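Remarks on the structure that follows.
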Amino acid sequence: MIRAVQGLDGFMNPLIGNLPPSDTIYAVDLAASASQHIQIPTGANLVVFGQIPGANQFVKFTNSTISIPSTNILDGSAPERMPDSRSCTGAAFISIVSDIAGIVTLTFYA
């Protein structure tokens with residue numbers, strides 16, 4: 001069972017620094033410039049990303065291959081540069097790509 005978020009600010013956003021340890025953490029070994037698809041566990045509502053130091057990482061909540069942007073993408077379809085955390089409510093997959101190889105962690109909360 002995924003641990004629930006404890007503590008919200010005045011805007012109902014989770015207080016990331018005050019999150020308890022999670023019981024659902026994934027470690028994903030990324031190869032440079034190779035997109036990985038990660039299935040979001042059932043019941044997860046929040047994902048906190050542990051980034052590769054010095055990497056340019058991008059995410060998109062999709063089950064398709066993504067790539068590191070190499071030009072302007074102005075139609076709204078660009079992947080997002082790796083955020084600290086995001087709501088994953090209603091999503092089934094996260095795709096991640098990085099310009100250098102390394103381990104990314106994804107910590108999930110209900």
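FYI, nothing fancy with the structure tokens labels: chains A, B, ... in order, residues from 1 per chain, ligands from 1 as they appear.
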So which residues touch stretch 73-86 of chain A within 8 Å, counting only C-alpha atoms, skipping near sequence neighbours fewer than 2 positions away, as a ChimeraX atom specification? /A:46-51,56-60,66-69,71,88
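For the pair atom CA of A:Ser87 and atom CA of A:Thr105, the interatomic distance is 15.7 Å.
Nearest to A:Ser33 of all the residues A:Ala110, A:Val97, A:Ala91, A:Val104 is A:Val97, counting only C-alpha atoms.
Counting only C-alpha atoms, the residue from A:Ile52, A:Ser64, A:Tyr109, A:Asp99 that sits nearest to A:Leu19 is A:Tyr109.
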Residues within 7 Å of A:Ile103, please, as JSON, numbers by chain. Count only C-alpha atoms; anything in the same chain fewer than 4 positions from it doesn't count. {"A": [27, 28, 29, 30, 52]}
Atom pair atom CA of A:Pro41 + atom CA of A:Gly102, distance 22.1 Å
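Reported to one decimal place, the separation of atom CA of A:Ala32 from atom CA of A:Phe108 is 24.1 Å.
Distances from A:Gly54, A:Ile40, A:Asp23, A:Thr62 to A:Ser98 were compared using only C-alpha atoms, and the smallest one belongs to A:Gly54.
The smallest atom-to-atom distance between A:Ala92 and any of A:Ala31, A:Ile38, A:Ala55, A:Ile25, using only C-alpha atoms, is found for A:Ile38.
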